[in-house]
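Here is the structure we will look at.
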Amino acid sequence: MNRSGYLKAAAVVMALFAIGLVGYFAFSAAFPDGLERVMEDNGLEESEPFYTAPLSYGEDYWGALLAGLAGFAITFGLVYLYLRGMKARNKA
Amino acid sequence: MGEVDTHIPDGLMDPIVVGAGWALALPIIALAVYRLKKNLNERAVPFMAILAAGIFVAQMLNFPVAAGTTGHLIGATLAVALLGLYGGIVVMTTILVIQCLVFGDGGLTALGLNLLNMAVVAPLVAYGVLRITRKGLDNWNGIGVPLAAWTSVLTAALFCGVQLALSYSLSGGSYGIEALLSIPTMGIYHAMIGVGEAIITTGVVLFLSRVAPETMEFGMRAKEAKA
């Protein structure tokens, strides 16, 4: 397996998802998703969460865009560091 | 546009069901981590991280399906097709944990159930369908990827439906939704959402199969190159 293949693949995936994120409103809809809809149909409300997270997905376009970027960075960073650490421990 | 919250929240399911979710999900995730550690391809690490980040973002993008309902990608089939079963489970787990702890998507107690449905059941079903179709259809995966995507979403949703039903009967109605309602409605909405998952997953896999086929665990080529 060559390295350039992975780089190319990573670039493609990143470009696809970048288009998706910036076009957030074009694809996104304010309607409930599958599970929320089922809860609504059955008259269930979401109760107070047991734990309150520091960030949310944002209330508007810019909030969502920022949340998306933050999520992208956090996820990339954590998975990258975790897997690198995994590899390092393997070698040790 | 209000709250975007897509996973099982706290207080929806019976505590016994919640506990069972953790008990079932954790050992399988631990096994996946162990197996991935043994077989990790170092060159794939940045790609895996990008893919995980990409799926995180994709889960935020809701597309309308029908009847005032939306769906969004789970991404399990995409992760499994590109990274294999263990990589897929580990990537999906990381995404769900970050969504829960950092963005409050899905309850902290319900995380075990969300992990079970989307990081364990969905990747296992996707992997099973991809394996069977690759073997059964003379190495031709054209049907495998969309079928795996659709089936994995539907199965994960039905698991959630069963968990709602179990919660309802265990708690005598204080938690969950009764089986006759929860299972069909989760099934019907997600049978539609699964079509979106199939289209997006197939598109990405098809595209990557062309530009970087060597990165695929389950690519869409007419013939797998046999080593």
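For the structure tokens, the naming scheme is as follows: chains receive sequential letters (A, B, ...) according to their order of presentation, residues are indexed from 1 within each chain, and ligands are indexed from 1 in presentation order.
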
DSSP-assigned helix (DSSP H, G or I) members of segment 40-216 of chain B, reported as a PyMOL selection string: chain B and resi 42-60+76-103+111-136+144-171+179-211+213-215

Distance query Leu12 of chain B at most 10 Å, only C-alpha atoms, self and fewer than 5 positions along chain excluded, as a ChimeraX atom specification: /A:39,44-47 /B:18,107,110,163-164,167-168,174-177

Produce a file of the selected residues containing N, CA and C atoms, as a PDB file, in the first residue's frame.
```
ATOM      1  N   MET A  39     -40.503   9.738  19.044  1.00  0.00           N
ATOM      2  CA  MET A  39     -40.827  10.230  20.383  1.00  0.00           C
ATOM      3  C   MET A  39     -41.995  11.187  20.345  1.00  0.00           C
ATOM      4  N   LEU A  44     -43.796  11.822  23.752  1.00  0.00           N
ATOM      5  CA  LEU A  44     -42.711  11.839  24.729  1.00  0.00           C
ATOM      6  C   LEU A  44     -41.885  13.101  24.568  1.00  0.00           C
ATOM      7  N   GLU A  45     -41.520  13.671  25.684  1.00  0.00           N
ATOM      8  CA  GLU A  45     -40.659  14.849  25.685  1.00  0.00           C
ATOM      9  C   GLU A  45     -39.290  14.424  26.167  1.00  0.00           C
ATOM     10  N   GLU A  46     -38.287  15.124  25.701  1.00  0.00           N
ATOM     11  CA  GLU A  46     -36.966  14.844  26.218  1.00  0.00           C
ATOM     12  C   GLU A  46     -36.864  15.407  27.626  1.00  0.00           C
ATOM     13  N   SER A  47     -36.415  14.597  28.570  1.00  0.00           N
ATOM     14  CA  SER A  47     -36.318  15.093  29.942  1.00  0.00           C
ATOM     15  C   SER A  47     -35.009  15.851  30.138  1.00  0.00           C
TER      16      SER A  47
ATOM     17  N   VAL B  18     -30.811   0.423  29.967  1.00  0.00           N
ATOM     18  CA  VAL B  18     -29.614   1.264  29.893  1.00  0.00           C
ATOM     19  C   VAL B  18     -28.379   0.464  30.321  1.00  0.00           C
ATOM     20  N   GLY B 107     -27.765  11.180  25.627  1.00  0.00           N
ATOM     21  CA  GLY B 107     -27.526  11.275  27.062  1.00  0.00           C
ATOM     22  C   GLY B 107     -26.292  10.513  27.488  1.00  0.00           C
ATOM     23  N   ALA B 110     -27.357   7.143  28.500  1.00  0.00           N
ATOM     24  CA  ALA B 110     -27.822   6.416  27.314  1.00  0.00           C
ATOM     25  C   ALA B 110     -26.687   6.133  26.333  1.00  0.00           C
ATOM     26  N   GLN B 163     -35.486  -1.647  22.229  1.00  0.00           N
ATOM     27  CA  GLN B 163     -35.082  -1.088  23.529  1.00  0.00           C
ATOM     28  C   GLN B 163     -36.193  -0.213  24.102  1.00  0.00           C
ATOM     29  N   LEU B 164     -36.861   0.561  23.236  1.00  0.00           N
ATOM     30  CA  LEU B 164     -38.001   1.369  23.687  1.00  0.00           C
ATOM     31  C   LEU B 164     -39.113   0.458  24.202  1.00  0.00           C
ATOM     32  N   SER B 167     -38.128  -1.169  27.498  1.00  0.00           N
ATOM     33  CA  SER B 167     -38.211  -0.167  28.555  1.00  0.00           C
ATOM     34  C   SER B 167     -39.651   0.004  29.004  1.00  0.00           C
ATOM     35  N   TYR B 168     -40.560   0.024  28.013  1.00  0.00           N
ATOM     36  CA  TYR B 168     -41.971   0.228  28.307  1.00  0.00           C
ATOM     37  C   TYR B 168     -42.521  -0.924  29.147  1.00  0.00           C
ATOM     38  N   SER B 174     -43.595   3.649  32.402  1.00  0.00           N
ATOM     39  CA  SER B 174     -42.962   4.923  32.791  1.00  0.00           C
ATOM     40  C   SER B 174     -41.827   5.312  31.843  1.00  0.00           C
ATOM     41  N   TYR B 175     -41.248   4.336  31.197  1.00  0.00           N
ATOM     42  CA  TYR B 175     -40.186   4.624  30.229  1.00  0.00           C
ATOM     43  C   TYR B 175     -40.568   4.030  28.886  1.00  0.00           C
ATOM     44  N   GLY B 176     -39.917   4.533  27.847  1.00  0.00           N
ATOM     45  CA  GLY B 176     -40.032   3.914  26.530  1.00  0.00           C
ATOM     46  C   GLY B 176     -41.384   4.074  25.869  1.00  0.00           C
ATOM     47  N   ILE B 177     -41.595   3.274  24.852  1.00  0.00           N
ATOM     48  CA  ILE B 177     -42.807   3.310  24.034  1.00  0.00           C
ATOM     49  C   ILE B 177     -43.222   1.871  23.788  1.00  0.00           C
TER      50      ILE B 177
END
```

Closest pair table for chain B residues within 6 Å of chain A, only C-alpha atoms, as CSV:
```
residue,atom,partner,partner_atom,distance
B:Met1,CA,A:Ala30,CA,5.1
B:Gly2,CA,A:Glu59,CA,5.9
B:Asp10,CA,A:Pro49,CA,5.6
B:Phe47,CA,A:Ala10,CA,5.1
B:Ala49,CA,A:Phe76,CA,4.7
B:Ile50,CA,A:Phe76,CA,5.7
B:Ala53,CA,A:Phe72,CA,4.5
B:Gly54,CA,A:Phe17,CA,5.6
B:Val57,CA,A:Gly68,CA,5.6
B:Leu61,CA,A:Ser28,CA,5.3
B:Asn62,CA,A:Ser28,CA,4.5
B:Phe63,CA,A:Ser28,CA,5.4
B:Gly68,CA,A:Phe31,CA,5.8
B:Thr69,CA,A:Asp33,CA,5.4
B:Thr70,CA,A:Asp33,CA,4.3
B:Gly71,CA,A:Asp33,CA,5.0
B:Leu101,CA,A:Ala53,CA,5.7
B:Val102,CA,A:Ala53,CA,5.3
B:Phe103,CA,A:Ser56,CA,4.6
B:Gly104,CA,A:Ala53,CA,4.6
B:Tyr189,CA,A:Gly34,CA,5.7
B:Ala212,CA,A:Gly5,CA,5.2
```

Exercise: segment 58-60 of chain B partners within 6 Å, only C-alpha atoms, chain neighbours under 3 positions left out, as number ranges by chain: B: 55, 72-73

Shell around segment 169-172 of chain B at 9 Å using only C-alpha atoms, local window under 4 positions removed, as a count of residues only: 10

All residues 9 Å or closer to Gly21 of chain B, only C-alpha atoms, same chain fewer than 2 positions away omitted, as a PyMOL selection string: chain B and resi 16-19+23-26+110-117+163

Shortest interatomic distance to His7 of chain B - which of B:Ile200, B:Leu96, B:Ile89, B:Val65, counting only C-alpha atoms: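 Smallest separation from His7 of chain B among the options: B:Leu96.
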
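Atom CA of Pro64 of chain B to atom CA of Thr202 of chain B spans 18.5 Å [interatomic distance, one decimal].
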
Which of B:Gly173, B:Gly128, B:Gly194, B:Pro9 sits closest to Ala81 of chain B [using only C-alpha atoms]: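 Between B:Gly173, B:Gly128, B:Gly194, B:Pro9, the residue approaching Ala81 of chain B most closely is B:Gly128.
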
Residue contacts of Pro123 of chain B (12 Å, only C-alpha atoms) excluding same-chain residues fewer than 3 positions away, as number ranges by chain: B: 28-29, 32, 74-93, 115-120, 126-131, 148-153, 155-156

Quick one: write out the picked residues with C-alpha atoms as a PDB file, in the first residue's frame?
```
ATOM      1  CA  ILE B  28     -17.297  -5.761  21.929  1.00  0.00           C
ATOM      2  CA  ILE B  29     -15.710  -2.306  21.708  1.00  0.00           C
ATOM      3  CA  ALA B  32     -12.336  -4.208  18.564  1.00  0.00           C
ATOM      4  CA  ILE B  74     -24.812   7.168  10.731  1.00  0.00           C
ATOM      5  CA  GLY B  75     -21.671   6.400   8.759  1.00  0.00           C
ATOM      6  CA  ALA B  76     -21.072   2.886  10.085  1.00  0.00           C
ATOM      7  CA  THR B  77     -21.089   1.281   6.635  1.00  0.00           C
ATOM      8  CA  LEU B  78     -18.774   3.941   5.267  1.00  0.00           C
ATOM      9  CA  ALA B  79     -16.349   3.396   8.151  1.00  0.00           C
ATOM     10  CA  VAL B  80     -16.456  -0.403   7.791  1.00  0.00           C
ATOM     11  CA  ALA B  81     -16.108  -0.313   3.992  1.00  0.00           C
ATOM     12  CA  LEU B  82     -13.021   1.873   4.284  1.00  0.00           C
ATOM     13  CA  LEU B  83     -11.445   0.670   7.526  1.00  0.00           C
ATOM     14  CA  GLY B  84     -12.739  -2.829   8.126  1.00  0.00           C
ATOM     15  CA  LEU B  85     -14.822  -4.014  11.081  1.00  0.00           C
ATOM     16  CA  TYR B  86     -12.492  -3.132  13.958  1.00  0.00           C
ATOM     17  CA  GLY B  87     -11.497   0.254  12.570  1.00  0.00           C
ATOM     18  CA  GLY B  88     -15.178   0.961  11.918  1.00  0.00           C
ATOM     19  CA  ILE B  89     -16.218   0.110  15.480  1.00  0.00           C
ATOM     20  CA  VAL B  90     -13.411   2.186  17.020  1.00  0.00           C
ATOM     21  CA  VAL B  91     -14.112   5.201  14.774  1.00  0.00           C
ATOM     22  CA  MET B  92     -17.864   5.089  15.441  1.00  0.00           C
ATOM     23  CA  THR B  93     -17.224   4.779  19.186  1.00  0.00           C
ATOM     24  CA  LEU B 115     -22.830   2.822  21.296  1.00  0.00           C
ATOM     25  CA  LEU B 116     -24.560  -0.553  21.063  1.00  0.00           C
ATOM     26  CA  ASN B 117     -26.852   0.538  18.210  1.00  0.00           C
ATOM     27  CA  MET B 118     -24.536   2.718  16.130  1.00  0.00           C
ATOM     28  CA  ALA B 119     -20.976   1.631  17.008  1.00  0.00           C
ATOM     29  CA  VAL B 120     -21.557  -2.115  17.472  1.00  0.00           C
ATOM     30  CA  ALA B 126     -22.579  -3.680   7.591  1.00  0.00           C
ATOM     31  CA  TYR B 127     -19.575  -5.985   7.835  1.00  0.00           C
ATOM     32  CA  GLY B 128     -21.738  -9.097   7.585  1.00  0.00           C
ATOM     33  CA  VAL B 129     -23.569  -7.849   4.483  1.00  0.00           C
ATOM     34  CA  LEU B 130     -20.334  -6.689   2.839  1.00  0.00           C
ATOM     35  CA  ARG B 131     -18.672 -10.044   3.497  1.00  0.00           C
ATOM     36  CA  ALA B 148     -25.079  -2.910   3.809  1.00  0.00           C
ATOM     37  CA  ALA B 149     -25.799   0.800   4.385  1.00  0.00           C
ATOM     38  CA  TRP B 150     -29.564   0.364   4.262  1.00  0.00           C
ATOM     39  CA  THR B 151     -29.617  -2.824   6.350  1.00  0.00           C
ATOM     40  CA  SER B 152     -27.286  -1.435   9.010  1.00  0.00           C
ATOM     41  CA  VAL B 153     -29.457   1.672   9.540  1.00  0.00           C
ATOM     42  CA  THR B 155     -31.202  -2.908  12.101  1.00  0.00           C
ATOM     43  CA  ALA B 156     -29.788  -0.222  14.391  1.00  0.00           C
TER      44      ALA B 156
END
```
